[in-house]
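Novice: My questions will all concern the structure given below.
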Amino acid sequence: MISINPQDISTGSLHGYLLGAVAPRPICFASTVDQDGNVNLSPYSFFNVFSANPPVLIFSPARRVRDNSTKHTLENVLETNEVVINIVSYAMVQQMSLSSTEYPKGVNEFVKAGFSEIPSEVVKAPRVAEAPVQMECKVLNVVALGTDGGAGNLVICEVVKLHIHEDILDDDGKIDPRKIDTVARLGGNWYSRAKEGLFEVPKPLSTMGIGVDALPQVIRSSKILTGNDLGMLANIESLPEAAERFVNASEEAHRKAQTFLCNGAISEAWEVLVSQ
């Protein structure tokens, strides 16, 4: 066994050990707005529920290790004292990951990731329609844990309205863990599916995905390709040149592309979609 003094290693290395060890972690998919009404959507895995009476959730948007900058979510909750916490299911994990791309301030990640906005009833930030559970929250306090890169900021918030899709409930009206099919974060690119096990989703940090809104219409409106498929296809820096001239709209081509996507072969899927 190795023993490590946190002060003896870099913040990045310590971050990796902590996230690899404290896992799996539930995901807070936070939607917020700034004072000008610009919408932001971003996932955080420093998250959990800490009280039922009052109903209190806490998540932590940490300062970026590389440059000590703060995230738009933190800036927005400090401005408005409101947030919607959406729960992530397996059916939306690829799109959720795409939304974590560090788009410039003012870019709506709902649009980039292909999610549907629905109005909240108490707070201003919209909810993610695809999320099985959505919790409108008022921010009670924000506790800064430090001022250097990697420091967390505990956003302590009270649930003021809870929305649950009925199709995840069992016969007794309780949430069925198999139906909600939640996912959780581990270290690196690894995730855990609550009802099955491990799977890997490349995190779009080194590149900026074009976003679902930039996909050709025949792909976005496909009856075959799922939200996860679109999230994978949109996690590229630019469309293939051939896509500017032709995109195959046949269901056969989309099924073949989907087979490639199931194996993580995004380039091969695109080759099918732009072949005549």
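Chain lettering (A, B, ...) mirrors the order of the structure tokens, residue numbering begins at 1 for each chain separately, and ligand numbering begins at 1 in order of display.
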Mind the document's chain letters and residue numbers, and return as an mmCIF file with N, CA, C and O atoms, in the first residue's frame the residues of segment 61-268 of chain A that DSSP labels strand (DSSP E).

Specialist:
```cif
data_model
loop_
_atom_site.group_PDB
_atom_site.id
_atom_site.type_symbol
_atom_site.label_atom_id
_atom_site.label_comp_id
_atom_site.auth_asym_id
_atom_site.auth_seq_id
_atom_site.Cartn_x
_atom_site.Cartn_y
_atom_site.Cartn_z
ATOM 1 N N GLU A 82 -30.855 30.505 -7.531
ATOM 2 C CA GLU A 82 -31.788 29.484 -7.998
ATOM 3 C C GLU A 82 -31.042 28.466 -8.856
ATOM 4 O O GLU A 82 -30.044 28.779 -9.496
ATOM 5 N N VAL A 83 -31.573 27.236 -8.881
ATOM 6 C CA VAL A 83 -31.014 26.185 -9.736
ATOM 7 C C VAL A 83 -32.044 25.077 -9.869
ATOM 8 O O VAL A 83 -32.868 24.868 -8.967
ATOM 9 N N VAL A 84 -32.018 24.391 -10.999
ATOM 10 C CA VAL A 84 -32.798 23.165 -11.159
ATOM 11 C C VAL A 84 -31.809 22.005 -11.225
ATOM 12 O O VAL A 84 -30.863 22.037 -12.012
ATOM 13 N N ILE A 85 -32.014 21.003 -10.379
ATOM 14 C CA ILE A 85 -31.168 19.818 -10.393
ATOM 15 C C ILE A 85 -31.931 18.690 -11.075
ATOM 16 O O ILE A 85 -32.968 18.239 -10.580
ATOM 17 N N ASN A 86 -31.424 18.282 -12.232
ATOM 18 C CA ASN A 86 -32.033 17.224 -13.030
ATOM 19 C C ASN A 86 -31.248 15.930 -12.822
ATOM 20 O O ASN A 86 -30.018 15.950 -12.747
ATOM 21 N N ILE A 87 -31.954 14.814 -12.729
ATOM 22 C CA ILE A 87 -31.310 13.518 -12.533
ATOM 23 C C ILE A 87 -31.045 12.872 -13.891
ATOM 24 O O ILE A 87 -31.897 12.912 -14.787
ATOM 25 N N GLU A 117 -36.105 22.055 -23.308
ATOM 26 C CA GLU A 117 -36.392 22.916 -22.157
ATOM 27 C C GLU A 117 -37.880 22.898 -21.839
ATOM 28 O O GLU A 117 -38.709 22.989 -22.745
ATOM 29 N N ILE A 118 -38.205 22.775 -20.566
ATOM 30 C CA ILE A 118 -39.588 22.990 -20.127
ATOM 31 C C ILE A 118 -39.561 23.967 -18.961
ATOM 32 O O ILE A 118 -38.652 23.934 -18.138
ATOM 33 N N ARG A 127 -36.256 23.301 -16.863
ATOM 34 C CA ARG A 127 -35.965 21.911 -16.517
ATOM 35 C C ARG A 127 -35.599 21.129 -17.777
ATOM 36 O O ARG A 127 -35.948 21.526 -18.888
ATOM 37 N N VAL A 128 -34.915 20.006 -17.600
ATOM 38 C CA VAL A 128 -34.588 19.112 -18.707
ATOM 39 C C VAL A 128 -35.735 18.118 -18.842
ATOM 40 O O VAL A 128 -35.932 17.261 -17.971
ATOM 41 N N VAL A 133 -36.275 12.779 -13.177
ATOM 42 C CA VAL A 133 -36.645 13.572 -12.006
ATOM 43 C C VAL A 133 -36.016 14.952 -12.153
ATOM 44 O O VAL A 133 -34.861 15.076 -12.563
ATOM 45 N N GLN A 134 -36.800 15.987 -11.832
ATOM 46 C CA GLN A 134 -36.309 17.368 -11.903
ATOM 47 C C GLN A 134 -36.695 18.072 -10.599
ATOM 48 O O GLN A 134 -37.843 17.995 -10.170
ATOM 49 N N MET A 135 -35.714 18.748 -9.995
ATOM 50 C CA MET A 135 -35.949 19.388 -8.707
ATOM 51 C C MET A 135 -35.624 20.880 -8.775
ATOM 52 O O MET A 135 -34.468 21.262 -8.971
ATOM 53 N N GLU A 136 -36.662 21.697 -8.641
ATOM 54 C CA GLU A 136 -36.468 23.142 -8.598
ATOM 55 C C GLU A 136 -35.963 23.521 -7.202
ATOM 56 O O GLU A 136 -36.520 23.069 -6.194
ATOM 57 N N CYS A 137 -34.920 24.326 -7.151
ATOM 58 C CA CYS A 137 -34.286 24.618 -5.865
ATOM 59 C C CYS A 137 -34.015 26.111 -5.675
ATOM 60 O O CYS A 137 -33.701 26.827 -6.623
ATOM 61 N N LYS A 138 -34.128 26.537 -4.421
ATOM 62 C CA LYS A 138 -33.665 27.845 -3.992
ATOM 63 C C LYS A 138 -32.327 27.664 -3.272
ATOM 64 O O LYS A 138 -32.195 26.774 -2.427
ATOM 65 N N VAL A 139 -31.362 28.478 -3.637
ATOM 66 C CA VAL A 139 -30.033 28.362 -3.034
ATOM 67 C C VAL A 139 -30.038 29.025 -1.657
ATOM 68 O O VAL A 139 -30.357 30.209 -1.526
ATOM 69 N N LEU A 140 -29.698 28.254 -0.623
ATOM 70 C CA LEU A 140 -29.664 28.761 0.745
ATOM 71 C C LEU A 140 -28.333 29.415 1.079
ATOM 72 O O LEU A 140 -28.280 30.413 1.794
ATOM 73 N N ASN A 141 -27.255 28.836 0.552
ATOM 74 C CA ASN A 141 -25.922 29.338 0.877
ATOM 75 C C ASN A 141 -24.912 28.762 -0.100
ATOM 76 O O ASN A 141 -25.123 27.677 -0.654
ATOM 77 N N VAL A 142 -23.845 29.479 -0.323
ATOM 78 C CA VAL A 142 -22.725 28.981 -1.122
ATOM 79 C C VAL A 142 -21.471 29.125 -0.265
ATOM 80 O O VAL A 142 -21.124 30.226 0.160
ATOM 81 N N VAL A 143 -20.823 28.005 0.010
ATOM 82 C CA VAL A 143 -19.647 27.989 0.878
ATOM 83 C C VAL A 143 -18.406 27.720 0.039
ATOM 84 O O VAL A 143 -18.243 26.620 -0.508
ATOM 85 N N ALA A 144 -17.556 28.720 -0.089
ATOM 86 C CA ALA A 144 -16.293 28.552 -0.805
ATOM 87 C C ALA A 144 -15.308 27.801 0.080
ATOM 88 O O ALA A 144 -15.047 28.201 1.220
ATOM 89 N N ASN A 153 -16.947 24.633 -4.162
ATOM 90 C CA ASN A 153 -17.898 25.657 -3.704
ATOM 91 C C ASN A 153 -19.211 24.945 -3.411
ATOM 92 O O ASN A 153 -19.921 24.544 -4.335
ATOM 93 N N LEU A 154 -19.512 24.744 -2.133
ATOM 94 C CA LEU A 154 -20.702 24.001 -1.759
ATOM 95 C C LEU A 154 -21.953 24.844 -1.991
ATOM 96 O O LEU A 154 -22.157 25.862 -1.337
ATOM 97 N N VAL A 155 -22.762 24.417 -2.949
ATOM 98 C CA VAL A 155 -24.031 25.089 -3.222
ATOM 99 C C VAL A 155 -25.109 24.331 -2.450
ATOM 100 O O VAL A 155 -25.475 23.207 -2.805
ATOM 101 N N ILE A 156 -25.565 24.934 -1.372
ATOM 102 C CA ILE A 156 -26.560 24.312 -0.501
ATOM 103 C C ILE A 156 -27.936 24.821 -0.921
ATOM 104 O O ILE A 156 -28.214 26.018 -0.854
ATOM 105 N N CYS A 157 -28.782 23.923 -1.374
ATOM 106 C CA CYS A 157 -30.064 24.386 -1.909
ATOM 107 C C CYS A 157 -31.233 23.543 -1.409
ATOM 108 O O CYS A 157 -31.089 22.351 -1.140
ATOM 109 N N GLU A 158 -32.364 24.207 -1.288
ATOM 110 C CA GLU A 158 -33.584 23.563 -0.805
ATOM 111 C C GLU A 158 -34.519 23.290 -1.974
ATOM 112 O O GLU A 158 -34.781 24.163 -2.802
ATOM 113 N N VAL A 159 -35.039 22.076 -2.018
ATOM 114 C CA VAL A 159 -35.984 21.703 -3.078
ATOM 115 C C VAL A 159 -37.329 22.349 -2.786
ATOM 116 O O VAL A 159 -37.920 22.140 -1.724
ATOM 117 N N VAL A 160 -37.821 23.139 -3.742
ATOM 118 C CA VAL A 160 -39.113 23.811 -3.558
ATOM 119 C C VAL A 160 -40.193 23.227 -4.472
ATOM 120 O O VAL A 160 -41.370 23.507 -4.301
ATOM 121 N N LYS A 161 -39.775 22.419 -5.442
ATOM 122 C CA LYS A 161 -40.742 21.745 -6.311
ATOM 123 C C LYS A 161 -40.069 20.515 -6.907
ATOM 124 O O LYS A 161 -38.944 20.594 -7.405
ATOM 125 N N LEU A 162 -40.748 19.376 -6.838
ATOM 126 C CA LEU A 162 -40.201 18.110 -7.312
ATOM 127 C C LEU A 162 -41.078 17.579 -8.442
ATOM 128 O O LEU A 162 -42.299 17.523 -8.314
ATOM 129 N N HIS A 163 -40.452 17.192 -9.559
ATOM 130 C CA HIS A 163 -41.178 16.665 -10.713
ATOM 131 C C HIS A 163 -40.644 15.272 -11.037
ATOM 132 O O HIS A 163 -39.438 15.092 -11.195
ATOM 133 N N ILE A 164 -41.536 14.279 -11.124
ATOM 134 C CA ILE A 164 -41.145 12.891 -11.350
ATOM 135 C C ILE A 164 -41.969 12.312 -12.502
ATOM 136 O O ILE A 164 -43.206 12.383 -12.484
ATOM 137 N N VAL A 183 -27.255 6.793 -13.793
ATOM 138 C CA VAL A 183 -25.829 6.558 -13.996
ATOM 139 C C VAL A 183 -25.047 7.367 -12.962
ATOM 140 O O VAL A 183 -25.564 8.313 -12.376
ATOM 141 N N ALA A 184 -23.801 6.982 -12.760
ATOM 142 C CA ALA A 184 -22.955 7.657 -11.788
ATOM 143 C C ALA A 184 -21.540 7.766 -12.338
ATOM 144 O O ALA A 184 -21.143 7.023 -13.232
ATOM 145 N N ARG A 185 -20.767 8.705 -11.785
ATOM 146 C CA ARG A 185 -19.407 8.958 -12.241
ATOM 147 C C ARG A 185 -18.386 8.227 -11.385
ATOM 148 O O ARG A 185 -18.551 8.090 -10.178
ATOM 149 N N TRP A 190 -14.806 6.939 -16.839
ATOM 150 C CA TRP A 190 -15.672 5.830 -16.470
ATOM 151 C C TRP A 190 -16.955 6.272 -15.768
ATOM 152 O O TRP A 190 -16.967 7.185 -14.968
ATOM 153 N N TYR A 191 -18.024 5.551 -16.126
ATOM 154 C CA TYR A 191 -19.341 5.730 -15.520
ATOM 155 C C TYR A 191 -19.830 4.373 -15.016
ATOM 156 O O TYR A 191 -19.318 3.325 -15.413
ATOM 157 N N SER A 192 -20.847 4.399 -14.192
ATOM 158 C CA SER A 192 -21.502 3.176 -13.741
ATOM 159 C C SER A 192 -22.997 3.296 -14.017
ATOM 160 O O SER A 192 -23.603 4.338 -13.763
ATOM 161 N N ARG A 193 -23.553 2.229 -14.567
ATOM 162 C CA ARG A 193 -25.000 2.168 -14.780
ATOM 163 C C ARG A 193 -25.610 1.406 -13.618
ATOM 164 O O ARG A 193 -25.261 0.251 -13.368
ATOM 165 N N GLY A 197 -23.857 -2.015 -14.814
ATOM 166 C CA GLY A 197 -22.436 -2.053 -14.534
ATOM 167 C C GLY A 197 -21.678 -0.922 -15.195
ATOM 168 O O GLY A 197 -22.196 0.168 -15.376
ATOM 169 N N LEU A 198 -20.442 -1.189 -15.568
ATOM 170 C CA LEU A 198 -19.548 -0.154 -16.070
ATOM 171 C C LEU A 198 -19.653 0.058 -17.572
ATOM 172 O O LEU A 198 -19.886 -0.867 -18.339
ATOM 173 N N PHE A 199 -19.435 1.314 -17.975
ATOM 174 C CA PHE A 199 -19.297 1.659 -19.380
ATOM 175 C C PHE A 199 -18.478 2.936 -19.444
ATOM 176 O O PHE A 199 -18.319 3.633 -18.447
ATOM 177 N N GLU A 200 -17.934 3.223 -20.615
ATOM 178 C CA GLU A 200 -17.036 4.365 -20.756
ATOM 179 C C GLU A 200 -17.602 5.380 -21.742
ATOM 180 O O GLU A 200 -18.108 5.024 -22.805
#
```

Novice: Find the spatial neighbours of Asp34 of chain A, counting only C-alpha atoms, within a cut-off of 12 Å - ignore same-chain residues fewer than 4 positions away - and output them as a PyMOL selection string.

Specialist: chain A and resi 38-41+72-83+105-108+124-125

Novice: With DSSP run on the backbone, what are the alpha helix (DSSP H) residues within segment 18-50 of chain A? I'd like them as a ChimeraX atom specification.

Specialist: /A:18-21

Novice: Please save N, CA and C atoms of the selected residues as a compact mmCIF listing (two decimals), in the first residue's frame.

Specialist:
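The file below, part38.txt, is the result:
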```txt
# COMPACT_ATOMS: atom_id res chain seq x y z
N LEU A 18 -8.76 11.03 -5.74
CA LEU A 18 -10.02 11.22 -5.00
C LEU A 18 -11.22 10.75 -5.83
N LEU A 19 -11.23 11.14 -7.11
CA LEU A 19 -12.37 10.78 -7.95
C LEU A 19 -12.38 9.30 -8.29
N GLY A 20 -11.18 8.71 -8.36
CA GLY A 20 -11.13 7.28 -8.59
C GLY A 20 -11.56 6.47 -7.39
N ALA A 21 -11.32 7.01 -6.20
CA ALA A 21 -11.64 6.29 -4.97
C ALA A 21 -13.07 6.53 -4.50
```

Novice: Need to verify the contact set: Val212 of chain A, 10 Å, only C-alpha atoms, exclusion of same-chain residues closer than 2 positions in sequence. Can you return it as a PyMOL selection string?

Specialist: chain A and resi 95+98+109-115+209-210+214-217+219-220+227+230-235

Novice: If we count only C-alpha atoms and set the cut-off at 12 Å, which residues sit around Ser13 of chain A, ignoring sequence neighbours fewer than 6 positions away in its own chain? Please answer as a list of chain:residue names.

Specialist: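 Final neighbour list, sorted by chain and number: A:Ile4, A:Asn5, A:Pro6, A:Gln7, A:Leu19, A:Gly20, A:Val65, A:Gly150, A:Gly187, A:Gly188.
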
Novice: Applying 12 Å and only C-alpha atoms, which residues near Glu251 of chain A remain after dropping the ones on its own chain fewer than 2 positions away? List them as an MDAnalysis selection string.

Specialist: chainID A and resid 218:219 221:225 247:249 253:258 272:273

Novice: Can you spit out the residues from that selection as a CSV table (one decimal), in the first residue's frame, using all heavy atoms?

Specialist:
```
chain,number,residue,atom,x,y,z
A,218,VAL,N,-31.6,15.8,-41.4
A,218,VAL,CA,-32.0,14.4,-41.7
A,218,VAL,C,-31.4,13.5,-40.6
A,218,VAL,O,-32.0,12.4,-40.4
A,218,VAL,CB,-31.5,13.9,-43.1
A,218,VAL,CG1,-32.2,14.7,-44.2
A,218,VAL,CG2,-30.0,14.0,-43.2
A,219,ILE,N,-30.4,13.8,-39.9
A,219,ILE,CA,-29.9,13.0,-38.8
A,219,ILE,C,-30.6,13.4,-37.5
A,219,ILE,O,-31.1,12.5,-36.8
A,219,ILE,CB,-28.3,13.3,-38.6
A,219,ILE,CG1,-27.6,12.7,-39.8
A,219,ILE,CG2,-27.9,12.7,-37.3
A,219,ILE,CD1,-26.1,13.0,-39.8
A,221,SER,N,-33.6,14.4,-37.2
A,221,SER,CA,-35.0,14.0,-37.3
A,221,SER,C,-35.1,12.5,-37.5
A,221,SER,O,-36.2,12.0,-37.8
A,221,SER,CB,-35.7,14.8,-38.4
A,221,SER,OG,-35.1,14.5,-39.6
A,222,SER,N,-34.0,11.8,-37.5
A,222,SER,CA,-34.0,10.3,-37.7
A,222,SER,C,-35.0,9.6,-36.8
A,222,SER,O,-35.0,9.9,-35.6
A,222,SER,CB,-32.6,9.8,-37.6
A,222,SER,OG,-32.6,8.3,-37.7
A,223,LYS,N,-35.7,8.6,-37.3
A,223,LYS,CA,-36.6,7.8,-36.5
A,223,LYS,C,-35.8,6.6,-35.9
A,223,LYS,O,-36.4,5.8,-35.1
A,223,LYS,CB,-37.7,7.3,-37.4
A,223,LYS,CG,-38.7,8.4,-37.9
A,223,LYS,CD,-39.8,7.8,-38.7
A,223,LYS,CE,-40.7,8.9,-39.2
A,223,LYS,NZ,-41.8,8.4,-40.0
A,224,ILE,N,-34.6,6.4,-36.3
A,224,ILE,CA,-33.8,5.3,-35.9
A,224,ILE,C,-32.8,5.7,-34.8
A,224,ILE,O,-32.6,5.1,-33.7
A,224,ILE,CB,-33.0,4.7,-37.0
A,224,ILE,CG1,-34.0,4.2,-38.2
A,224,ILE,CG2,-32.1,3.5,-36.6
A,224,ILE,CD1,-35.0,3.2,-37.7
A,225,LEU,N,-32.0,6.8,-35.1
A,225,LEU,CA,-31.0,7.3,-34.2
A,225,LEU,C,-31.6,7.8,-32.9
A,225,LEU,O,-32.5,8.6,-32.9
A,225,LEU,CB,-30.1,8.3,-34.9
A,225,LEU,CG,-29.4,7.8,-36.1
A,225,LEU,CD1,-28.7,8.9,-36.9
A,225,LEU,CD2,-28.4,6.7,-35.8
A,247,VAL,N,-26.1,13.6,-47.2
A,247,VAL,CA,-26.3,12.9,-46.0
A,247,VAL,C,-27.4,11.8,-46.3
A,247,VAL,O,-28.5,12.2,-46.7
A,247,VAL,CB,-26.7,13.7,-44.8
A,247,VAL,CG1,-26.9,12.9,-43.5
A,247,VAL,CG2,-25.7,14.8,-44.5
A,248,ASN,N,-27.1,10.6,-46.1
A,248,ASN,CA,-28.0,9.5,-46.4
A,248,ASN,C,-29.1,9.5,-45.4
A,248,ASN,O,-28.9,9.4,-44.1
A,248,ASN,CB,-27.2,8.1,-46.3
A,248,ASN,CG,-28.0,7.0,-47.0
A,248,ASN,OD1,-29.2,6.9,-46.9
A,248,ASN,ND2,-27.2,6.2,-47.7
A,249,ALA,N,-30.4,9.6,-45.9
A,249,ALA,CA,-31.5,9.6,-45.0
A,249,ALA,C,-32.2,8.3,-44.9
A,249,ALA,O,-33.2,8.2,-44.2
A,249,ALA,CB,-32.5,10.7,-45.6
A,253,ALA,N,-29.3,2.9,-43.7
A,253,ALA,CA,-28.1,3.5,-43.4
A,253,ALA,C,-28.0,3.9,-42.0
A,253,ALA,O,-26.9,3.8,-41.3
A,253,ALA,CB,-27.8,4.7,-44.3
A,254,HIS,N,-29.1,4.4,-41.4
A,254,HIS,CA,-29.1,4.9,-40.0
A,254,HIS,C,-29.0,3.7,-39.1
A,254,HIS,O,-28.3,3.8,-38.0
A,254,HIS,CB,-30.4,5.7,-39.7
A,254,HIS,CG,-30.4,7.0,-40.4
A,254,HIS,ND1,-31.2,8.0,-40.0
A,254,HIS,CD2,-29.6,7.5,-41.4
A,254,HIS,CE1,-31.0,9.1,-40.7
A,254,HIS,NE2,-30.0,8.8,-41.6
A,255,ARG,N,-29.6,2.5,-39.4
A,255,ARG,CA,-29.4,1.4,-38.6
A,255,ARG,C,-28.0,0.9,-38.6
A,255,ARG,O,-27.4,0.4,-37.6
A,255,ARG,CB,-30.4,0.2,-39.1
A,255,ARG,CG,-31.8,0.5,-38.7
A,255,ARG,CD,-32.7,-0.8,-38.9
A,255,ARG,NE,-34.0,-0.6,-38.6
A,255,ARG,CZ,-35.0,-0.2,-39.5
A,255,ARG,NH1,-34.6,0.0,-40.8
A,255,ARG,NH2,-36.2,0.0,-39.1
A,256,LYS,N,-27.4,0.9,-39.8
A,256,LYS,CA,-26.0,0.5,-39.9
A,256,LYS,C,-25.0,1.4,-39.1
A,256,LYS,O,-24.1,0.9,-38.4
A,256,LYS,CB,-25.5,0.4,-41.4
A,256,LYS,CG,-24.2,-0.2,-41.6
A,256,LYS,CD,-23.9,-0.4,-43.1
A,256,LYS,CE,-22.5,-1.0,-43.3
A,256,LYS,NZ,-22.2,-1.2,-44.7
A,257,ALA,N,-25.3,2.7,-39.2
A,257,ALA,CA,-24.5,3.7,-38.4
A,257,ALA,C,-24.7,3.4,-36.9
A,257,ALA,O,-23.8,3.5,-36.2
A,257,ALA,CB,-24.9,5.1,-38.8
A,258,GLN,N,-25.9,3.1,-36.5
A,258,GLN,CA,-26.2,2.9,-35.1
A,258,GLN,C,-25.4,1.7,-34.6
A,258,GLN,O,-24.9,1.7,-33.5
A,258,GLN,CB,-27.7,2.7,-34.9
A,258,GLN,CG,-28.1,2.6,-33.5
A,258,GLN,CD,-29.6,2.5,-33.3
A,258,GLN,OE1,-30.2,1.5,-33.8
A,258,GLN,NE2,-30.2,3.5,-32.7
A,272,VAL,N,-20.8,5.8,-43.0
A,272,VAL,CA,-22.1,5.3,-43.5
A,272,VAL,C,-23.1,6.4,-43.8
A,272,VAL,O,-23.8,6.4,-44.9
A,272,VAL,CB,-22.6,4.3,-42.5
A,272,VAL,CG1,-24.1,3.9,-42.9
A,272,VAL,CG2,-21.7,3.1,-42.3
A,273,LEU,N,-23.1,7.4,-42.9
A,273,LEU,CA,-24.2,8.4,-43.1
A,273,LEU,C,-23.9,9.3,-44.3
A,273,LEU,O,-24.8,10.0,-44.8
A,273,LEU,CB,-24.2,9.2,-41.8
A,273,LEU,CG,-24.8,8.5,-40.6
A,273,LEU,CD1,-24.6,9.3,-39.3
A,273,LEU,CD2,-26.3,8.1,-40.8
```

Novice: What lies within 9 Å of Ala91 of chain A using only C-alpha atoms, ignoring chain neighbours under 4 positions off, as a VMD selection string?

Specialist: chain A and resid 95 130 181 to 182 226 to 228

Novice: From the set A:Val122, A:Ser69, A:Gln35, A:Val22, which residue has the shortest atom-to-atom contact distance to Phe47 of chain A, counting only C-alpha atoms?

Specialist: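 Closest to Phe47 of chain A, using only C-alpha atoms: A:Val22.
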
Novice: So that I can see what lies close to Ile175 of chain A, please list as a list in words the residues with an atom at most 10 Å from it, counting only C-alpha atoms and leaving out residues fewer than 5 positions away in the same chain.

Specialist: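 These residues fall inside the cut-off: Pro132, Val133, Ile164, His165, Glu166, Asp167, Ile168, Leu169, Asp170 and Ile180 of chain A.
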